Protein chains: 2
Amino acid sequence: MSKPATPIPSELLKLDNQLCFPLYAVSRLFTKAYQPLLQELDLTYPQYLVLLLLWEHPELTVKALGEKLLLDSGTLTPLLKRMEQRQLVSRRRDPRDERSVIITLAPAGQALQHRAECIPEALLAKLQLSPDEFNQLRSQLTRLLTQLS
Amino acid sequence: MSKPATPIPSELLKLDNQLCFPLYAVSRLFTKAYQPLLQELDLTYPQYLVLLLLWEHPELTVKALGEKLLLDSGTLTPLLKRMEQRQLVSRRRDPRDERSVIITLAPAGQALQHRAECIPEALLAKLQLSPDEFNQLRSQLTRLLTQLS
DNA sequence: TGCTATTTGATTGTGCACAATGTAATGTTG
DNA sequence: CAACATTACATTGTGCACAATCAAATAGCA
């Protein structure tokens, strides 16, 4: 059962034994699974995440969005500008602290909410996961998330 | 315990109840955890993945790499060209099928292997995961991976 | 054999992701 | 209150990621 191939990488250097690769690949596959659903709303997955937050909290600073999504201004600024151009959100400086930029849900962004309501269930159906598996995986990942961030 | 906020998104439209967001965020945090280790080898995470495969199989077509990593030529071609410029790999057409491009591990790429050997363990240490948790999470993710791909 | 379909990469264009740097506003400290 | 540090974003540059399109090579078939 040995592998006589010329280069013998340690077992740990094999793709199959890593945790990160399946994480990386599954994450991209998930985003791809969202894509046809989000395309109908003309949204990318990160834009959808921003809207998820704004549907809960119609006003958030860039900093708050960044903290919740773990994204920095180099990612969020251009993304939010694109969303502003499409009038999904509006951007204005906080008059009480001119350093902050407040992102507000615009009517068009608000209007997308009810069209997005079917997305989580549609995605869940694609996954074919039992509720048990779903919850177990979710709790493990959220625990890892708080642990790493 | 109700939420009287103005917009009331369905529970499923909340970030906290989703599976995809923690997946997406943890995946990026993992890549970030690799970054300081990979920086010493001047590699990005996707480049490291390509090398992991070439250390096992010193010759692979672009197609084979793409199938294993779930990446298409639009991602791999420029990535492999950068790696070729740095003489980590070499690229040549398969004489028996001129459509295929064979990627071969070059000496400099081979030489990185032993410098990379410490990476998996170093990363494992960062995670603070018990072997049980590690294996459980890995098996769940790999199962999802085969299921989705 | 010639014609069509498929396969394999390459190219183009858009949108993240993030490191590094810059800048204006705000805090803080002596 | 002036000097300095910190904060919140913006900008720049690099590298994925992927959809869409293209071109060349090969396979399959009438």
# chains A, B, ... in the order shown; residues from 1 in each chain; ligands from 1
call {"tool": "interface_residues", "arguments": {"of": "chain A", "to": "chain C", "cutoff": "7 Å", "atoms": "only C-alpha atoms (C1' of nucleotides)", "output": "mmCIF file with all heavy atoms, in the first residue's frame"}}
result
data_model
loop_
_atom_site.group_PDB
_atom_site.id
_atom_site.type_symbol
_atom_site.label_atom_id
_atom_site.label_comp_id
_atom_site.auth_asym_id
_atom_site.auth_seq_id
_atom_site.Cartn_x
_atom_site.Cartn_y
_atom_site.Cartn_z
ATOM 1 N N THR A 75 -12.209 46.661 0.127
ATOM 2 C CA THR A 75 -13.230 45.841 -0.526
ATOM 3 C C THR A 75 -14.577 46.558 -0.530
ATOM 4 O O THR A 75 -15.267 46.600 -1.552
ATOM 5 C CB THR A 75 -13.381 44.489 0.209
ATOM 6 O OG1 THR A 75 -12.122 43.809 0.176
ATOM 7 C CG2 THR A 75 -14.437 43.625 -0.455
ATOM 8 N N GLU A 98 -17.124 63.356 10.800
ATOM 9 C CA GLU A 98 -16.957 63.403 9.351
ATOM 10 C C GLU A 98 -16.035 62.308 8.825
ATOM 11 O O GLU A 98 -15.889 62.153 7.616
ATOM 12 C CB GLU A 98 -16.420 64.790 8.934
ATOM 13 C CG GLU A 98 -17.419 65.925 9.090
ATOM 14 C CD GLU A 98 -18.402 66.016 7.912
ATOM 15 O OE1 GLU A 98 -18.110 65.383 6.884
ATOM 16 O OE2 GLU A 98 -19.433 66.689 8.050
ATOM 17 N N ARG A 99 -15.413 61.552 9.698
ATOM 18 C CA ARG A 99 -14.594 60.444 9.198
ATOM 19 C C ARG A 99 -15.478 59.290 8.757
ATOM 20 O O ARG A 99 -15.136 58.546 7.849
ATOM 21 C CB ARG A 99 -13.636 59.955 10.303
ATOM 22 C CG ARG A 99 -12.566 60.932 10.671
ATOM 23 C CD ARG A 99 -11.835 60.447 11.899
ATOM 24 N NE ARG A 99 -12.752 60.230 13.021
ATOM 25 C CZ ARG A 99 -12.357 59.794 14.211
ATOM 26 N NH1 ARG A 99 -11.087 59.504 14.427
ATOM 27 N NH2 ARG A 99 -13.228 59.636 15.173
#
call {"tool": "closest_atom_pairs", "arguments": {"of": "chain B", "to": "chain D", "cutoff": "12 Å", "atoms": "only C-alpha atoms (C1' of nucleotides)", "output": "JSON lines"}}
result
{"residue": "B:Leu43", "atom": "CA", "partner": "D:DG15", "partner_atom": "C1'", "distance": 11.0}
{"residue": "B:Thr44", "atom": "CA", "partner": "D:DG15", "partner_atom": "C1'", "distance": 8.4}
{"residue": "B:Tyr45", "atom": "CA", "partner": "D:DC16", "partner_atom": "C1'", "distance": 9.7}
{"residue": "B:Pro46", "atom": "CA", "partner": "D:DC16", "partner_atom": "C1'", "distance": 8.0}
{"residue": "B:Gln47", "atom": "CA", "partner": "D:DC16", "partner_atom": "C1'", "distance": 10.1}
{"residue": "B:Leu70", "atom": "CA", "partner": "D:DA17", "partner_atom": "C1'", "distance": 10.8}
{"residue": "B:Leu71", "atom": "CA", "partner": "D:DA17", "partner_atom": "C1'", "distance": 8.1}
{"residue": "B:Asp72", "atom": "CA", "partner": "D:DC18", "partner_atom": "C1'", "distance": 7.9}
{"residue": "B:Ser73", "atom": "CA", "partner": "D:DC18", "partner_atom": "C1'", "distance": 9.6}
{"residue": "B:Gly74", "atom": "CA", "partner": "D:DC18", "partner_atom": "C1'", "distance": 7.2}
{"residue": "B:Thr75", "atom": "CA", "partner": "D:DA17", "partner_atom": "C1'", "distance": 6.3}
{"residue": "B:Leu76", "atom": "CA", "partner": "D:DC16", "partner_atom": "C1'", "distance": 9.2}
{"residue": "B:Thr77", "atom": "CA", "partner": "D:DC16", "partner_atom": "C1'", "distance": 11.3}
{"residue": "B:Pro78", "atom": "CA", "partner": "D:DG15", "partner_atom": "C1'", "distance": 9.4}
{"residue": "B:Leu79", "atom": "CA", "partner": "D:DC16", "partner_atom": "C1'", "distance": 8.2}
{"residue": "B:Leu80", "atom": "CA", "partner": "D:DC16", "partner_atom": "C1'", "distance": 11.9}
{"residue": "B:Arg82", "atom": "CA", "partner": "D:DG15", "partner_atom": "C1'", "distance": 10.1}
{"residue": "B:Arg93", "atom": "CA", "partner": "D:DA25", "partner_atom": "C1'", "distance": 11.4}
{"residue": "B:Asp94", "atom": "CA", "partner": "D:DA25", "partner_atom": "C1'", "distance": 11.3}
{"residue": "B:Pro95", "atom": "CA", "partner": "D:DA25", "partner_atom": "C1'", "distance": 11.2}
{"residue": "B:Arg96", "atom": "CA", "partner": "D:DT26", "partner_atom": "C1'", "distance": 10.3}
{"residue": "B:Asp97", "atom": "CA", "partner": "D:DA25", "partner_atom": "C1'", "distance": 7.4}
{"residue": "B:Glu98", "atom": "CA", "partner": "D:DA25", "partner_atom": "C1'", "distance": 6.2}
{"residue": "B:Arg99", "atom": "CA", "partner": "D:DA25", "partner_atom": "C1'", "distance": 5.5}
{"residue": "B:Ser100", "atom": "CA", "partner": "D:DA25", "partner_atom": "C1'", "distance": 9.2}
call {"tool": "write_last_selection", "arguments": {"atoms": "C-alpha atoms", "output": "PDB file, in the first residue's frame"}}
result
ATOM      1  CA  LEU B  43       3.430  32.029  -2.556  1.00  0.00           C
ATOM      2  CA  THR B  44      -0.268  32.785  -2.573  1.00  0.00           C
ATOM      3  CA  TYR B  45      -2.680  30.205  -1.254  1.00  0.00           C
ATOM      4  CA  PRO B  46      -3.895  29.068  -4.697  1.00  0.00           C
ATOM      5  CA  GLN B  47      -0.291  28.782  -5.861  1.00  0.00           C
ATOM      6  CA  LEU B  70     -12.307  23.114  -9.057  1.00  0.00           C
ATOM      7  CA  LEU B  71     -10.822  26.069 -10.885  1.00  0.00           C
ATOM      8  CA  ASP B  72     -11.159  26.899 -14.561  1.00  0.00           C
ATOM      9  CA  SER B  73      -8.588  28.043 -17.078  1.00  0.00           C
ATOM     10  CA  GLY B  74      -9.532  31.665 -16.607  1.00  0.00           C
ATOM     11  CA  THR B  75      -8.101  31.391 -13.120  1.00  0.00           C
ATOM     12  CA  LEU B  76      -5.353  28.861 -13.704  1.00  0.00           C
ATOM     13  CA  THR B  77      -3.778  30.151 -16.901  1.00  0.00           C
ATOM     14  CA  PRO B  78      -2.579  33.494 -15.516  1.00  0.00           C
ATOM     15  CA  LEU B  79      -1.695  31.922 -12.164  1.00  0.00           C
ATOM     16  CA  LEU B  80       0.441  29.258 -13.859  1.00  0.00           C
ATOM     17  CA  ARG B  82       3.156  33.763 -13.017  1.00  0.00           C
ATOM     18  CA  ARG B  93       1.922  21.523 -25.000  1.00  0.00           C
ATOM     19  CA  ASP B  94       1.365  17.794 -24.975  1.00  0.00           C
ATOM     20  CA  PRO B  95       2.865  16.643 -28.308  1.00  0.00           C
ATOM     21  CA  ARG B  96       0.273  13.866 -28.485  1.00  0.00           C
ATOM     22  CA  ASP B  97      -2.600  16.306 -27.977  1.00  0.00           C
ATOM     23  CA  GLU B  98      -1.697  19.848 -28.772  1.00  0.00           C
ATOM     24  CA  ARG B  99      -4.806  21.121 -27.015  1.00  0.00           C
ATOM     25  CA  SER B 100      -3.452  20.099 -23.622  1.00  0.00           C
TER      26      SER B 100
END
call {"tool": "residues_around", "arguments": {"residues": "range 24-39 of chain A", "least_positions_apart": "2", "cutoff": "7 Å", "atoms": "only C-alpha atoms (C1' of nucleotides)", "output": "list in words"}}
result
Cys20, Phe21, Pro22, Leu41, Asp42, Leu43, Thr44, Tyr45, Ile119 and Leu123 of chain A; Cys20, Leu23, Tyr24, Ser27, Leu145 and Leu148 of chain B
call {"tool": "closest_residue", "arguments": {"among": "B:Pro131, B:Gly109, B:Pro120, B:Gly66", "to": "chain A", "atoms": "only C-alpha atoms"}}
result
B:Pro120
call {"tool": "select_by_dssp", "arguments": {"residues": "chain B", "states": "helix (DSSP H, G or I)", "output": "PyMOL selection string"}}
result
chain B and resi 11-13+15-17+20-39+45-56+62-69+73-85+107-116+119-127+131-148
call {"tool": "write_last_selection", "arguments": {"atoms": "C-alpha atoms", "output": "short mmCIF file (atom, residue, chain, number, x, y, z; two decimals), in the first residue's frame"}}
result
data_model
loop_
_atom_site.label_atom_id
_atom_site.label_comp_id
_atom_site.auth_asym_id
_atom_site.auth_seq_id
_atom_site.Cartn_x
_atom_site.Cartn_y
_atom_site.Cartn_z
CA GLU B 11 -35.29 34.74 10.31
CA LEU B 12 -33.74 32.99 7.36
CA LEU B 13 -32.61 36.31 5.94
CA LEU B 15 -26.70 36.52 8.63
CA ASP B 16 -26.50 34.52 11.83
CA ASN B 17 -28.79 31.80 10.61
CA CYS B 20 -22.86 30.19 3.72
CA PHE B 21 -21.62 33.30 5.47
CA PRO B 22 -19.57 31.56 8.16
CA LEU B 23 -18.23 29.29 5.45
CA TYR B 24 -17.22 32.26 3.35
CA ALA B 25 -15.73 34.14 6.29
CA VAL B 26 -13.91 31.18 7.81
CA SER B 27 -12.47 30.31 4.43
CA ARG B 28 -11.01 33.80 4.10
CA LEU B 29 -9.71 33.73 7.67
CA PHE B 30 -8.00 30.42 6.96
CA THR B 31 -6.32 31.84 3.90
CA LYS B 32 -5.24 34.77 6.02
CA ALA B 33 -3.83 32.39 8.60
CA TYR B 34 -1.73 30.78 5.87
CA GLN B 35 -0.52 34.10 4.58
CA PRO B 36 2.43 34.78 6.92
CA LEU B 37 3.67 31.22 6.42
CA LEU B 38 3.29 31.35 2.66
CA GLN B 39 4.81 34.78 2.43
CA TYR B 45 -2.68 30.21 -1.25
CA PRO B 46 -3.89 29.07 -4.70
CA GLN B 47 -0.29 28.78 -5.86
CA TYR B 48 0.45 26.67 -2.79
CA LEU B 49 -2.45 24.39 -3.70
CA VAL B 50 -1.01 23.90 -7.19
CA LEU B 51 2.34 22.97 -5.67
CA LEU B 52 0.70 20.54 -3.24
CA LEU B 53 -0.67 18.68 -6.25
CA LEU B 54 2.57 18.83 -8.22
CA TRP B 55 4.53 17.49 -5.26
CA GLU B 56 2.33 14.43 -5.48
CA VAL B 62 -4.15 22.29 -16.74
CA LYS B 63 -7.36 20.33 -17.06
CA ALA B 64 -6.32 17.89 -14.34
CA LEU B 65 -5.31 20.73 -12.03
CA GLY B 66 -8.61 22.41 -12.71
CA GLU B 67 -10.58 19.28 -11.91
CA LYS B 68 -8.75 18.71 -8.66
CA LEU B 69 -8.92 22.33 -7.51
CA SER B 73 -8.59 28.04 -17.08
CA GLY B 74 -9.53 31.66 -16.61
CA THR B 75 -8.10 31.39 -13.12
CA LEU B 76 -5.35 28.86 -13.70
CA THR B 77 -3.78 30.15 -16.90
CA PRO B 78 -2.58 33.49 -15.52
CA LEU B 79 -1.69 31.92 -12.16
CA LEU B 80 0.44 29.26 -13.86
CA LYS B 81 2.07 31.84 -16.09
CA ARG B 82 3.16 33.76 -13.02
CA MET B 83 4.51 30.56 -11.51
CA GLU B 84 6.32 29.82 -14.76
CA GLN B 85 7.93 33.27 -14.77
CA PRO B 107 13.55 22.50 -9.67
CA ALA B 108 12.69 25.70 -7.82
CA GLY B 109 9.19 24.40 -7.21
CA GLN B 110 10.52 21.06 -6.09
CA ALA B 111 12.92 22.82 -3.74
CA LEU B 112 10.06 24.56 -1.96
CA GLN B 113 8.62 21.28 -0.79
CA HIS B 114 10.81 20.75 2.20
CA ARG B 115 10.43 24.40 3.21
CA ALA B 116 6.66 23.89 3.13
CA ILE B 119 3.10 24.60 7.21
CA PRO B 120 0.24 22.15 7.89
CA GLU B 121 1.31 21.61 11.47
CA ALA B 122 1.88 25.30 12.05
CA LEU B 123 -1.59 26.03 10.82
CA LEU B 124 -3.12 23.25 12.84
CA ALA B 125 -1.56 24.79 15.92
CA LYS B 126 -3.18 28.14 15.12
CA LEU B 127 -6.63 26.59 15.00
CA PRO B 131 -8.36 16.07 16.55
CA ASP B 132 -11.98 15.02 16.90
CA GLU B 133 -13.34 18.36 15.86
CA PHE B 134 -10.81 18.60 13.06
CA ASN B 135 -11.74 15.24 11.58
CA GLN B 136 -15.45 15.78 12.00
CA LEU B 137 -15.35 19.14 10.29
CA ARG B 138 -13.08 17.84 7.55
CA SER B 139 -15.28 14.85 6.80
CA GLN B 140 -18.42 16.99 6.74
CA LEU B 141 -16.82 19.45 4.37
CA THR B 142 -15.37 16.83 2.06
CA ARG B 143 -18.74 15.14 1.93
CA LEU B 144 -20.40 18.42 1.05
CA LEU B 145 -17.66 18.94 -1.51
CA THR B 146 -18.27 15.69 -3.35
CA GLN B 147 -21.98 16.30 -3.06
CA LEU B 148 -21.82 19.73 -4.61
#
call {"tool": "select_by_dssp", "arguments": {"residues": "chain A", "states": "strand (DSSP E or B)", "output": "ChimeraX atom specification"}}
result
/A:59-61,89-94,97-105
call {"tool": "closest_residue", "arguments": {"among": "A:Ser149, A:Ile102, A:Thr61, A:Arg92", "to": "chain B", "atoms": "only C-alpha atoms"}}
result
A:Ser149
call {"tool": "atom_distance", "arguments": {"atom1": "CA of Ala106 in chain B", "atom2": "CA of Gln87 in chain B"}}
result
6.4 Å
call {"tool": "decode", "arguments": {"residues": "range 6-28 of chain D", "atoms": "N, CA, C and O atoms (P, O5', C5', C4', C3', O3' and C1' of nucleotides)", "output": "PDB file, in the first residue's frame"}}
result
ATOM      1  P    DT D   6      -0.911  55.558  18.501  1.00  0.00           P
ATOM      2  O5'  DT D   6      -2.439  55.749  18.087  1.00  0.00           O
ATOM      3  C5'  DT D   6      -3.352  56.282  19.038  1.00  0.00           C
ATOM      4  C4'  DT D   6      -4.712  56.456  18.389  1.00  0.00           C
ATOM      5  C3'  DT D   6      -5.152  55.264  17.532  1.00  0.00           C
ATOM      6  O3'  DT D   6      -6.445  54.876  17.975  1.00  0.00           O
ATOM      7  C1'  DT D   6      -5.408  57.294  16.348  1.00  0.00           C
ATOM      8  P    DT D   7      -7.194  53.600  17.358  1.00  0.00           P
ATOM      9  O5'  DT D   7      -8.266  54.282  16.402  1.00  0.00           O
ATOM     10  C5'  DT D   7      -9.043  55.353  16.915  1.00  0.00           C
ATOM     11  C4'  DT D   7      -9.910  55.903  15.805  1.00  0.00           C
ATOM     12  C3'  DT D   7     -10.531  54.844  14.900  1.00  0.00           C
ATOM     13  O3'  DT D   7     -11.923  55.115  14.810  1.00  0.00           O
ATOM     14  C1'  DT D   7      -9.426  56.466  13.596  1.00  0.00           C
ATOM     15  P    DA D   8     -12.938  54.123  14.067  1.00  0.00           P
ATOM     16  O5'  DA D   8     -13.055  54.791  12.628  1.00  0.00           O
ATOM     17  C5'  DA D   8     -13.765  56.003  12.472  1.00  0.00           C
ATOM     18  C4'  DA D   8     -13.851  56.311  10.998  1.00  0.00           C
ATOM     19  C3'  DA D   8     -14.322  55.130  10.136  1.00  0.00           C
ATOM     20  O3'  DA D   8     -15.278  55.610   9.202  1.00  0.00           O
ATOM     21  C1'  DA D   8     -12.236  55.922   9.367  1.00  0.00           C
ATOM     22  P    DC D   9     -16.210  54.511   8.429  1.00  0.00           P
ATOM     23  O5'  DC D   9     -15.890  54.839   6.918  1.00  0.00           O
ATOM     24  C5'  DC D   9     -14.593  54.851   6.547  1.00  0.00           C
ATOM     25  C4'  DC D   9     -14.294  55.892   5.511  1.00  0.00           C
ATOM     26  C3'  DC D   9     -14.383  55.322   4.103  1.00  0.00           C
ATOM     27  O3'  DC D   9     -14.761  56.340   3.192  1.00  0.00           O
ATOM     28  C1'  DC D   9     -12.118  55.817   4.681  1.00  0.00           C
ATOM     29  P    DA D  10     -15.012  55.969   1.663  1.00  0.00           P
ATOM     30  O5'  DA D  10     -13.594  56.331   1.044  1.00  0.00           O
ATOM     31  C5'  DA D  10     -13.147  57.680   1.053  1.00  0.00           C
ATOM     32  C4'  DA D  10     -11.883  57.807   0.224  1.00  0.00           C
ATOM     33  C3'  DA D  10     -11.950  57.135  -1.156  1.00  0.00           C
ATOM     34  O3'  DA D  10     -11.363  58.021  -2.088  1.00  0.00           O
ATOM     35  C1'  DA D  10     -10.125  56.252   0.081  1.00  0.00           C
ATOM     36  P    DT D  11     -11.330  57.634  -3.629  1.00  0.00           P
ATOM     37  O5'  DT D  11      -9.843  57.092  -3.857  1.00  0.00           O
ATOM     38  C5'  DT D  11      -8.750  57.803  -3.283  1.00  0.00           C
ATOM     39  C4'  DT D  11      -7.448  57.104  -3.605  1.00  0.00           C
ATOM     40  C3'  DT D  11      -7.393  56.405  -4.964  1.00  0.00           C
ATOM     41  O3'  DT D  11      -6.192  56.815  -5.594  1.00  0.00           O
ATOM     42  C1'  DT D  11      -6.745  54.917  -3.263  1.00  0.00           C
ATOM     43  P    DT D  12      -5.924  56.455  -7.126  1.00  0.00           P
ATOM     44  O5'  DT D  12      -4.833  55.290  -7.021  1.00  0.00           O
ATOM     45  C5'  DT D  12      -3.735  55.445  -6.140  1.00  0.00           C
ATOM     46  C4'  DT D  12      -2.908  54.183  -6.121  1.00  0.00           C
ATOM     47  C3'  DT D  12      -2.863  53.399  -7.433  1.00  0.00           C
ATOM     48  O3'  DT D  12      -1.516  53.100  -7.728  1.00  0.00           O
ATOM     49  C1'  DT D  12      -3.475  51.976  -5.655  1.00  0.00           C
ATOM     50  P    DG D  13      -1.090  52.501  -9.141  1.00  0.00           P
ATOM     51  O5'  DG D  13      -0.765  50.989  -8.766  1.00  0.00           O
ATOM     52  C5'  DG D  13       0.075  50.715  -7.647  1.00  0.00           C
ATOM     53  C4'  DG D  13       0.083  49.238  -7.374  1.00  0.00           C
ATOM     54  C3'  DG D  13       0.006  48.360  -8.632  1.00  0.00           C
ATOM     55  O3'  DG D  13       0.934  47.293  -8.501  1.00  0.00           O
ATOM     56  C1'  DG D  13      -1.734  47.787  -7.153  1.00  0.00           C
ATOM     57  P    DT D  14       1.173  46.284  -9.699  1.00  0.00           P
ATOM     58  O5'  DT D  14       0.722  44.898  -9.052  1.00  0.00           O
ATOM     59  C5'  DT D  14       1.283  44.485  -7.806  1.00  0.00           C
ATOM     60  C4'  DT D  14       0.539  43.276  -7.313  1.00  0.00           C
ATOM     61  C3'  DT D  14       0.356  42.178  -8.371  1.00  0.00           C
ATOM     62  O3'  DT D  14       0.797  40.953  -7.825  1.00  0.00           O
ATOM     63  C1'  DT D  14      -1.711  42.697  -7.336  1.00  0.00           C
ATOM     64  P    DG D  15       0.948  39.660  -8.768  1.00  0.00           P
ATOM     65  O5'  DG D  15      -0.248  38.742  -8.277  1.00  0.00           O
ATOM     66  C5'  DG D  15      -0.492  38.578  -6.896  1.00  0.00           C
ATOM     67  C4'  DG D  15      -1.836  37.929  -6.699  1.00  0.00           C
ATOM     68  C3'  DG D  15      -2.185  36.856  -7.738  1.00  0.00           C
ATOM     69  O3'  DG D  15      -2.726  35.730  -7.076  1.00  0.00           O
ATOM     70  C1'  DG D  15      -3.922  38.414  -7.597  1.00  0.00           C
ATOM     71  P    DC D  16      -2.698  34.274  -7.741  1.00  0.00           P
ATOM     72  O5'  DC D  16      -3.961  34.314  -8.682  1.00  0.00           O
ATOM     73  C5'  DC D  16      -5.036  33.454  -8.471  1.00  0.00           C
ATOM     74  C4'  DC D  16      -5.919  33.919  -7.323  1.00  0.00           C
ATOM     75  C3'  DC D  16      -7.277  33.254  -7.318  1.00  0.00           C
ATOM     76  O3'  DC D  16      -7.765  33.214  -5.996  1.00  0.00           O
ATOM     77  C1'  DC D  16      -7.537  35.555  -7.727  1.00  0.00           C
ATOM     78  P    DA D  17      -8.881  32.115  -5.712  1.00  0.00           P
ATOM     79  O5'  DA D  17     -10.065  32.528  -6.708  1.00  0.00           O
ATOM     80  C5'  DA D  17     -11.376  32.525  -6.232  1.00  0.00           C
ATOM     81  C4'  DA D  17     -12.329  32.907  -7.327  1.00  0.00           C
ATOM     82  C3'  DA D  17     -12.726  31.797  -8.285  1.00  0.00           C
ATOM     83  O3'  DA D  17     -14.067  31.479  -7.992  1.00  0.00           O
ATOM     84  C1'  DA D  17     -12.491  33.879  -9.410  1.00  0.00           C
ATOM     85  P    DC D  18     -14.799  30.297  -8.731  1.00  0.00           P
ATOM     86  O5'  DC D  18     -15.463  31.000  -9.996  1.00  0.00           O
ATOM     87  C5'  DC D  18     -16.387  32.040  -9.782  1.00  0.00           C
ATOM     88  C4'  DC D  18     -16.723  32.672 -11.112  1.00  0.00           C
ATOM     89  C3'  DC D  18     -16.975  31.672 -12.256  1.00  0.00           C
ATOM     90  O3'  DC D  18     -18.120  32.099 -12.955  1.00  0.00           O
ATOM     91  C1'  DC D  18     -15.518  33.308 -12.956  1.00  0.00           C
ATOM     92  P    DA D  19     -19.174  31.020 -13.424  1.00  0.00           P
ATOM     93  O5'  DA D  19     -20.034  31.839 -14.495  1.00  0.00           O
ATOM     94  C5'  DA D  19     -20.504  33.136 -14.156  1.00  0.00           C
ATOM     95  C4'  DA D  19     -20.451  34.039 -15.369  1.00  0.00           C
ATOM     96  C3'  DA D  19     -20.916  33.368 -16.661  1.00  0.00           C
ATOM     97  O3'  DA D  19     -21.788  34.251 -17.355  1.00  0.00           O
ATOM     98  C1'  DA D  19     -18.729  34.270 -16.949  1.00  0.00           C
ATOM     99  P    DA D  20     -22.580  33.715 -18.614  1.00  0.00           P
ATOM    100  O5'  DA D  20     -21.727  34.276 -19.841  1.00  0.00           O
ATOM    101  C5'  DA D  20     -21.226  35.600 -19.776  1.00  0.00           C
ATOM    102  C4'  DA D  20     -20.393  35.881 -20.991  1.00  0.00           C
ATOM    103  C3'  DA D  20     -20.796  35.085 -22.244  1.00  0.00           C
ATOM    104  O3'  DA D  20     -20.817  35.966 -23.352  1.00  0.00           O
ATOM    105  C1'  DA D  20     -18.496  34.754 -21.772  1.00  0.00           C
ATOM    106  P    DT D  21     -21.361  35.471 -24.765  1.00  0.00           P
ATOM    107  O5'  DT D  21     -20.010  35.399 -25.624  1.00  0.00           O
ATOM    108  C5'  DT D  21     -19.096  36.490 -25.563  1.00  0.00           C
ATOM    109  C4'  DT D  21     -17.764  36.082 -26.139  1.00  0.00           C
ATOM    110  C3'  DT D  21     -17.855  35.286 -27.447  1.00  0.00           C
ATOM    111  O3'  DT D  21     -17.192  36.008 -28.473  1.00  0.00           O
ATOM    112  C1'  DT D  21     -16.272  34.357 -25.958  1.00  0.00           C
ATOM    113  P    DC D  22     -17.208  35.479 -29.960  1.00  0.00           P
ATOM    114  O5'  DC D  22     -15.714  34.887 -30.096  1.00  0.00           O
ATOM    115  C5'  DC D  22     -14.616  35.656 -29.611  1.00  0.00           C
ATOM    116  C4'  DC D  22     -13.353  34.830 -29.717  1.00  0.00           C
ATOM    117  C3'  DC D  22     -13.241  34.004 -31.005  1.00  0.00           C
ATOM    118  O3'  DC D  22     -12.018  34.299 -31.647  1.00  0.00           O
ATOM    119  C1'  DC D  22     -12.801  32.667 -29.075  1.00  0.00           C
ATOM    120  P    DA D  23     -11.786  33.828 -33.144  1.00  0.00           P
ATOM    121  O5'  DA D  23     -10.612  32.769 -32.998  1.00  0.00           O
ATOM    122  C5'  DA D  23      -9.572  32.999 -32.062  1.00  0.00           C
ATOM    123  C4'  DA D  23      -8.724  31.757 -31.945  1.00  0.00           C
ATOM    124  C3'  DA D  23      -8.635  30.936 -33.234  1.00  0.00           C
ATOM    125  O3'  DA D  23      -7.325  30.424 -33.331  1.00  0.00           O
ATOM    126  C1'  DA D  23      -9.502  29.598 -31.507  1.00  0.00           C
ATOM    127  P    DA D  24      -6.765  29.923 -34.758  1.00  0.00           P
ATOM    128  O5'  DA D  24      -6.096  28.526 -34.377  1.00  0.00           O
ATOM    129  C5'  DA D  24      -5.324  28.437 -33.192  1.00  0.00           C
ATOM    130  C4'  DA D  24      -5.404  27.045 -32.649  1.00  0.00           C
ATOM    131  C3'  DA D  24      -5.220  25.952 -33.715  1.00  0.00           C
ATOM    132  O3'  DA D  24      -4.209  25.077 -33.268  1.00  0.00           O
ATOM    133  C1'  DA D  24      -7.134  25.521 -32.397  1.00  0.00           C
ATOM    134  P    DA D  25      -3.637  23.940 -34.253  1.00  0.00           P
ATOM    135  O5'  DA D  25      -4.141  22.594 -33.563  1.00  0.00           O
ATOM    136  C5'  DA D  25      -3.883  22.420 -32.178  1.00  0.00           C
ATOM    137  C4'  DA D  25      -4.725  21.288 -31.669  1.00  0.00           C
ATOM    138  C3'  DA D  25      -4.635  20.010 -32.510  1.00  0.00           C
ATOM    139  O3'  DA D  25      -4.285  18.943 -31.648  1.00  0.00           O
ATOM    140  C1'  DA D  25      -6.899  20.614 -32.110  1.00  0.00           C
ATOM    141  P    DT D  26      -3.927  17.523 -32.262  1.00  0.00           P
ATOM    142  O5'  DT D  26      -5.281  16.727 -32.016  1.00  0.00           O
ATOM    143  C5'  DT D  26      -5.765  16.636 -30.691  1.00  0.00           C
ATOM    144  C4'  DT D  26      -7.193  16.152 -30.698  1.00  0.00           C
ATOM    145  C3'  DT D  26      -7.407  14.794 -31.378  1.00  0.00           C
ATOM    146  O3'  DT D  26      -7.901  13.911 -30.390  1.00  0.00           O
ATOM    147  C1'  DT D  26      -9.083  16.357 -31.959  1.00  0.00           C
ATOM    148  P    DA D  27      -8.043  12.370 -30.638  1.00  0.00           P
ATOM    149  O5'  DA D  27      -9.632  12.243 -30.747  1.00  0.00           O
ATOM    150  C5'  DA D  27     -10.435  12.879 -29.773  1.00  0.00           C
ATOM    151  C4'  DA D  27     -11.902  12.704 -30.113  1.00  0.00           C
ATOM    152  C3'  DA D  27     -12.260  11.338 -30.693  1.00  0.00           C
ATOM    153  O3'  DA D  27     -13.485  10.935 -30.120  1.00  0.00           O
ATOM    154  C1'  DA D  27     -12.891  13.041 -32.209  1.00  0.00           C
ATOM    155  P    DG D  28     -14.051   9.500 -30.306  1.00  0.00           P
ATOM    156  O5'  DG D  28     -15.548   9.777 -30.804  1.00  0.00           O
ATOM    157  C5'  DG D  28     -15.914  11.089 -31.174  1.00  0.00           C
ATOM    158  C4'  DG D  28     -17.153  11.107 -32.041  1.00  0.00           C
ATOM    159  C3'  DG D  28     -17.612   9.759 -32.600  1.00  0.00           C
ATOM    160  O3'  DG D  28     -19.026   9.837 -32.824  1.00  0.00           O
ATOM    161  C1'  DG D  28     -16.863  11.105 -34.380  1.00  0.00           C
TER     162       DG D  28
END
